[in-house]
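This is target-v7.cif. It holds mmCIF, C-alpha atoms.
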data_data
loop_
_atom_site.label_atom_id
_atom_site.label_comp_id
_atom_site.auth_asym_id
_atom_site.auth_seq_id
_atom_site.Cartn_x
_atom_site.Cartn_y
_atom_site.Cartn_z
CA MET R 10 27.19 5.14 26.98
CA ASP R 11 25.98 8.72 27.36
CA PHE R 12 23.16 9.80 29.62
CA ILE R 13 20.49 10.08 26.89
CA GLU R 14 21.30 6.59 25.58
CA GLN R 15 20.98 5.19 29.12
CA ILE R 16 17.50 6.71 29.49
CA ALA R 17 16.57 5.41 26.02
CA GLU R 18 17.61 1.92 27.10
CA ARG R 19 15.43 2.18 30.25
CA ILE R 20 12.43 3.30 28.16
CA ARG R 21 12.88 0.32 25.80
CA GLY R 22 13.29 -1.97 28.82
CA LEU R 23 10.10 -0.67 30.43
CA ARG R 24 8.15 -1.14 27.20
CA ASP R 25 9.51 -4.66 26.81
CA ALA R 26 8.77 -5.53 30.46
CA LEU R 27 5.19 -4.33 30.03
CA ASP R 28 4.92 -6.23 26.72
CA LEU R 29 3.72 -3.13 24.87
CA SER R 30 4.17 -2.22 21.24
CA GLN R 31 5.69 1.15 20.43
CA GLN R 32 2.30 2.25 19.15
CA GLN R 33 0.57 1.30 22.42
CA MET R 34 3.11 3.15 24.58
CA ALA R 35 3.10 6.14 22.24
CA ASN R 36 -0.70 6.37 22.37
CA GLU R 37 -0.81 6.15 26.16
CA CYS R 38 1.90 8.82 26.53
CA GLY R 39 0.52 11.24 23.94
CA VAL R 40 3.36 11.06 21.40
CA THR R 41 3.66 9.57 17.95
CA ALA R 42 5.20 6.14 17.45
CA GLU R 43 7.87 7.83 15.33
CA LEU R 44 8.83 10.18 18.17
CA LEU R 45 8.90 7.30 20.66
CA THR R 46 11.22 5.44 18.26
CA GLU R 47 13.55 8.45 18.26
CA TYR R 48 13.49 8.56 22.08
CA GLU R 49 14.21 4.82 22.27
CA THR R 50 17.27 5.14 20.01
CA GLY R 51 18.81 7.84 22.20
CA LYS R 52 19.62 9.90 19.14
CA ILE R 53 17.57 12.92 20.27
CA ASP R 54 17.07 14.61 23.62
CA ILE R 55 14.30 13.12 25.74
CA PRO R 56 12.32 15.87 27.50
CA VAL R 57 11.80 15.58 31.25
CA SER R 58 8.13 16.28 30.51
CA PHE R 59 7.91 13.02 28.52
CA LEU R 60 9.68 11.08 31.29
CA HIS R 61 7.30 12.62 33.83
CA LYS R 62 4.32 11.49 31.72
CA LEU R 63 5.79 8.00 31.26
CA SER R 64 6.36 7.66 35.01
CA ALA R 65 2.78 8.73 35.76
CA VAL R 66 1.14 6.50 33.13
CA TYR R 67 3.04 3.36 34.16
CA ASP R 68 3.50 4.13 37.89
CA VAL R 69 7.28 4.03 37.63
CA GLU R 70 9.51 6.33 39.65
CA LEU R 71 10.83 9.27 37.60
CA THR R 72 14.17 8.69 39.31
CA ALA R 73 14.26 5.10 38.03
CA LEU R 74 13.76 6.30 34.44
CA MET R 75 16.30 9.10 34.71
CA PHE R 76 19.01 7.48 36.82
CA GLY R 77 18.32 3.74 36.81
CA SER R 78 17.90 3.43 40.57
CA GLU R 79 14.83 3.24 42.74
CA PRO R 80 14.42 5.82 45.50
CA LYS R 81 14.43 4.37 49.02
CA MET R 82 13.08 7.05 51.36
CA ASN R 83 9.39 7.56 52.13
CA ALA R 84 9.31 9.83 55.20
CA TYR R 85 11.84 12.46 54.11
CA PHE R 86 14.94 12.87 51.98
CA ILE R 87 17.71 15.45 52.39
CA THR R 88 19.83 16.68 49.51
CA ARG R 89 22.86 18.62 50.74
CA ALA R 90 23.94 21.78 48.94
CA GLY R 91 25.35 20.97 45.51
CA LYS R 92 24.82 17.22 45.95
CA GLY R 93 21.65 16.51 43.94
CA ILE R 94 21.98 14.01 41.10
CA LYS R 95 23.00 16.03 38.08
CA VAL R 96 21.71 15.42 34.58
CA GLU R 97 23.44 17.00 31.60
CA ARG R 98 20.62 16.69 29.09
CA THR R 99 21.76 19.04 26.35
CA GLY R 100 24.30 21.77 25.86
CA ALA R 101 21.62 24.28 26.81
CA TYR R 102 20.21 22.72 30.00
CA SER R 103 21.34 20.73 32.98
CA TYR R 104 19.11 19.46 35.76
CA GLN R 105 20.01 18.64 39.33
CA ASP R 106 17.37 16.41 40.93
CA LEU R 107 16.86 17.65 44.49
CA ALA R 108 14.77 14.72 45.76
CA ALA R 109 15.99 11.69 43.80
CA GLY R 110 15.87 9.41 46.85
CA PHE R 111 12.23 10.07 47.77
CA GLN R 112 9.65 7.45 46.79
CA HIS R 113 6.30 8.08 45.12
CA ARG R 114 6.87 11.78 44.55
CA GLN R 115 3.91 13.86 43.50
CA MET R 116 6.24 16.65 42.47
CA ALA R 117 9.79 16.71 41.14
CA PRO R 118 12.10 19.54 42.26
CA PHE R 119 15.11 20.37 40.07
CA MET R 120 17.81 23.02 40.12
CA VAL R 121 18.03 23.89 36.43
CA THR R 122 20.93 25.65 34.76
CA VAL R 123 20.17 27.26 31.40
CA GLU R 124 23.18 28.27 29.33
CA PRO R 125 22.95 31.30 27.05
CA SER R 126 22.41 30.54 23.39
CA GLU R 127 23.69 32.44 20.40
CA SER R 128 20.49 31.55 18.57
CA GLU R 129 17.60 33.93 18.96
CA GLY R 130 15.28 31.72 16.91
CA PRO R 131 11.95 30.38 18.10
CA LEU R 132 11.88 28.52 21.40
CA THR R 133 11.32 24.80 21.51
CA LEU R 134 8.01 24.44 23.31
CA ASN R 135 7.04 21.54 25.58
CA THR R 136 3.84 20.41 27.25
CA HIS R 137 3.16 17.92 30.01
CA GLU R 138 0.51 17.15 32.58
CA GLY R 139 0.34 18.97 35.88
CA HIS R 140 1.73 22.29 36.97
CA GLU R 141 5.18 23.81 36.91
CA PHE R 142 6.69 26.34 39.28
CA ASN R 143 9.93 28.18 38.46
CA TYR R 144 11.94 30.42 40.81
CA VAL R 145 14.83 32.36 39.27
CA VAL R 146 17.94 32.23 41.47
CA GLU R 147 20.39 34.00 39.15
CA GLY R 148 20.41 35.47 35.67
CA THR R 149 17.56 36.66 33.48
CA LEU R 150 15.07 34.10 32.20
CA GLU R 151 12.89 34.56 29.15
CA ILE R 152 9.91 32.23 29.43
CA THR R 153 7.02 31.75 27.04
CA VAL R 154 3.79 30.17 28.25
CA ALA R 155 0.67 29.87 26.09
CA GLY R 156 2.06 32.34 23.54
CA LYS R 157 2.95 35.07 26.07
CA THR R 158 6.63 35.83 26.71
CA ASN R 159 7.77 37.17 30.07
CA THR R 160 11.16 38.12 31.48
CA LEU R 161 11.99 36.99 35.00
CA HIS R 162 14.85 38.21 37.21
CA PRO R 163 16.36 36.79 40.41
CA GLY R 164 13.63 36.33 43.02
CA ASP R 165 10.84 36.26 40.41
CA THR R 166 8.60 33.22 40.15
CA ILE R 167 6.07 31.82 37.73
CA MET R 168 3.58 29.00 38.15
CA PHE R 169 1.65 27.70 35.18
CA ASP R 170 -0.50 24.96 33.75
CA ALA R 171 2.14 22.76 32.11
CA ARG R 172 -0.37 21.52 29.53
CA LYS R 173 0.09 24.93 27.88
CA PRO R 174 3.01 25.11 25.43
CA HIS R 175 6.02 26.54 27.25
CA GLY R 176 9.72 27.12 26.68
CA LEU R 177 12.58 29.10 28.15
CA ARG R 178 16.00 30.53 27.45
CA ALA R 179 18.71 32.50 29.20
CA ALA R 180 18.52 36.19 28.29
CA GLY R 181 21.23 38.80 28.32
CA GLY R 182 24.01 36.37 27.39
CA LYS R 183 24.37 35.03 30.95
CA ARG R 184 23.63 31.68 32.57
CA VAL R 185 20.35 31.25 34.45
CA LYS R 186 19.91 29.13 37.56
CA MET R 187 16.38 28.37 38.66
CA LEU R 188 14.43 26.07 40.91
CA ALA R 189 11.83 24.16 38.86
CA ILE R 190 9.14 22.10 40.55
CA ILE R 191 7.05 19.86 38.30
CA SER R 192 3.88 18.25 39.66
#

Please, can you express the file's structure as structure tokens?
Amino acid sequence: MDFIEQIAERIRGLRDALDLSQQQMANECGVTAELLTEYETGKIDIPVSFLHKLSAVYDVELTALMFGSEPKMNAYFITRAGKGIKVERTGAYSYQDLAAGFQHRQMAPFMVTVEPSESEGPLTLNTHEGHEFNYVVEGTLEITVAGKTNTLHPGDTIMFDARKPHGLRAAGGKRVKMLAIIS
């Protein structure tokens, strides 16, 4: 079973455990019942922003939804270089969770790799509660927030209200690595 299907199974399991209809869960998470159905089948990518919202609404660890295991640490958690739990979500993005073992996180730090795309079409925009902070480690990142597009280079950062529509892509035909912190 691929990674997206595993997450889809955990979403269905959570909904069943809470004895909620798809419509109830969809309403509480700010998506349509049709979109939730697509997430639950595992046929489409499930945005981290949706998983973050689901974890907040139902007080479930984001790590449990993404990886199927509960974090154990509550004082501190160390992730050694290159050892974070890696998530290959799509061909364009991969996420490495840098604090998967820490309980009751109020922020989620990820090392994100964005592969260059041959498509220069419109960005897929996402929204979610909280704030997001991105720090470009390598490559050139094109990021759109609230209709404004900016180009970030290594060492550049951006923090924004994640309720505003936002999307990103690797620019210049090269891979981007960035630290993303979602709160």

Leaving out region 167-175 of chain R and any residue of its chain fewer than 6 positions from it, which residues lie within 9 Å of it when counting only C-alpha atoms, given as a VMD selection string?
chain R and resid 58 132 to 145 152 to 156 161 191 to 192

State, in Å with one decimal place, the distance from CA of Tyr67 (chain R) to CA of Ile94 (chain R).
22.8 Å

Which of these residues is nearest to Pro80 (chain R), using all atoms listed in the file: R:Arg178, R:His61, R:Arg114, R:Lys183?
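Looking at the shortest contact to Pro80 (chain R), the residue is R:Arg114.
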
Exactly which residues make up the result of the PyMOL selection byres ((chain R and resi 24) around 12) on this file, given as an mmCIF file with C-alpha atoms, in the frame of the given file?
data_model
loop_
_atom_site.group_PDB
_atom_site.id
_atom_site.type_symbol
_atom_site.label_atom_id
_atom_site.label_comp_id
_atom_site.auth_asym_id
_atom_site.auth_seq_id
_atom_site.Cartn_x
_atom_site.Cartn_y
_atom_site.Cartn_z
ATOM 1 C CA ALA R 17 16.570 5.410 26.020
ATOM 2 C CA GLU R 18 17.610 1.920 27.100
ATOM 3 C CA ARG R 19 15.430 2.180 30.250
ATOM 4 C CA ILE R 20 12.430 3.300 28.160
ATOM 5 C CA ARG R 21 12.880 0.320 25.800
ATOM 6 C CA GLY R 22 13.290 -1.970 28.820
ATOM 7 C CA LEU R 23 10.100 -0.670 30.430
ATOM 8 C CA ASP R 25 9.510 -4.660 26.810
ATOM 9 C CA ALA R 26 8.770 -5.530 30.460
ATOM 10 C CA LEU R 27 5.190 -4.330 30.030
ATOM 11 C CA ASP R 28 4.920 -6.230 26.720
ATOM 12 C CA LEU R 29 3.720 -3.130 24.870
ATOM 13 C CA SER R 30 4.170 -2.220 21.240
ATOM 14 C CA GLN R 31 5.690 1.150 20.430
ATOM 15 C CA GLN R 32 2.300 2.250 19.150
ATOM 16 C CA GLN R 33 0.570 1.300 22.420
ATOM 17 C CA MET R 34 3.110 3.150 24.580
ATOM 18 C CA ALA R 35 3.100 6.140 22.240
ATOM 19 C CA GLU R 37 -0.810 6.150 26.160
ATOM 20 C CA CYS R 38 1.900 8.820 26.530
ATOM 21 C CA LEU R 45 8.900 7.300 20.660
ATOM 22 C CA THR R 46 11.220 5.440 18.260
ATOM 23 C CA GLU R 49 14.210 4.820 22.270
ATOM 24 C CA LEU R 63 5.790 8.000 31.260
ATOM 25 C CA SER R 64 6.360 7.660 35.010
ATOM 26 C CA VAL R 66 1.140 6.500 33.130
ATOM 27 C CA TYR R 67 3.040 3.360 34.160
ATOM 28 C CA VAL R 69 7.280 4.030 37.630
ATOM 29 C CA LEU R 74 13.760 6.300 34.440
#

From the list R:Thr122, R:Thr50, R:Gln112, R:Thr149, which residue is nearest Lys81 (chain R) when using only C-alpha atoms?
R:Gln112

Taking only C-alpha atoms into account, which of R:Phe119, R:Phe111, R:Lys52, R:Thr160 comes nearest Gly93 (chain R)?
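Going through R:Phe119, R:Phe111, R:Lys52, R:Thr160 one by one, the smallest distance to Gly93 (chain R) is for R:Phe119.
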
Please measure the separation of CA of Thr72 (chain R) and CA of Leu44 (chain R), giving the value in Å to one decimal.
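Between CA of Thr72 (chain R) and CA of Leu44 (chain R) the gap is 21.9 Å.
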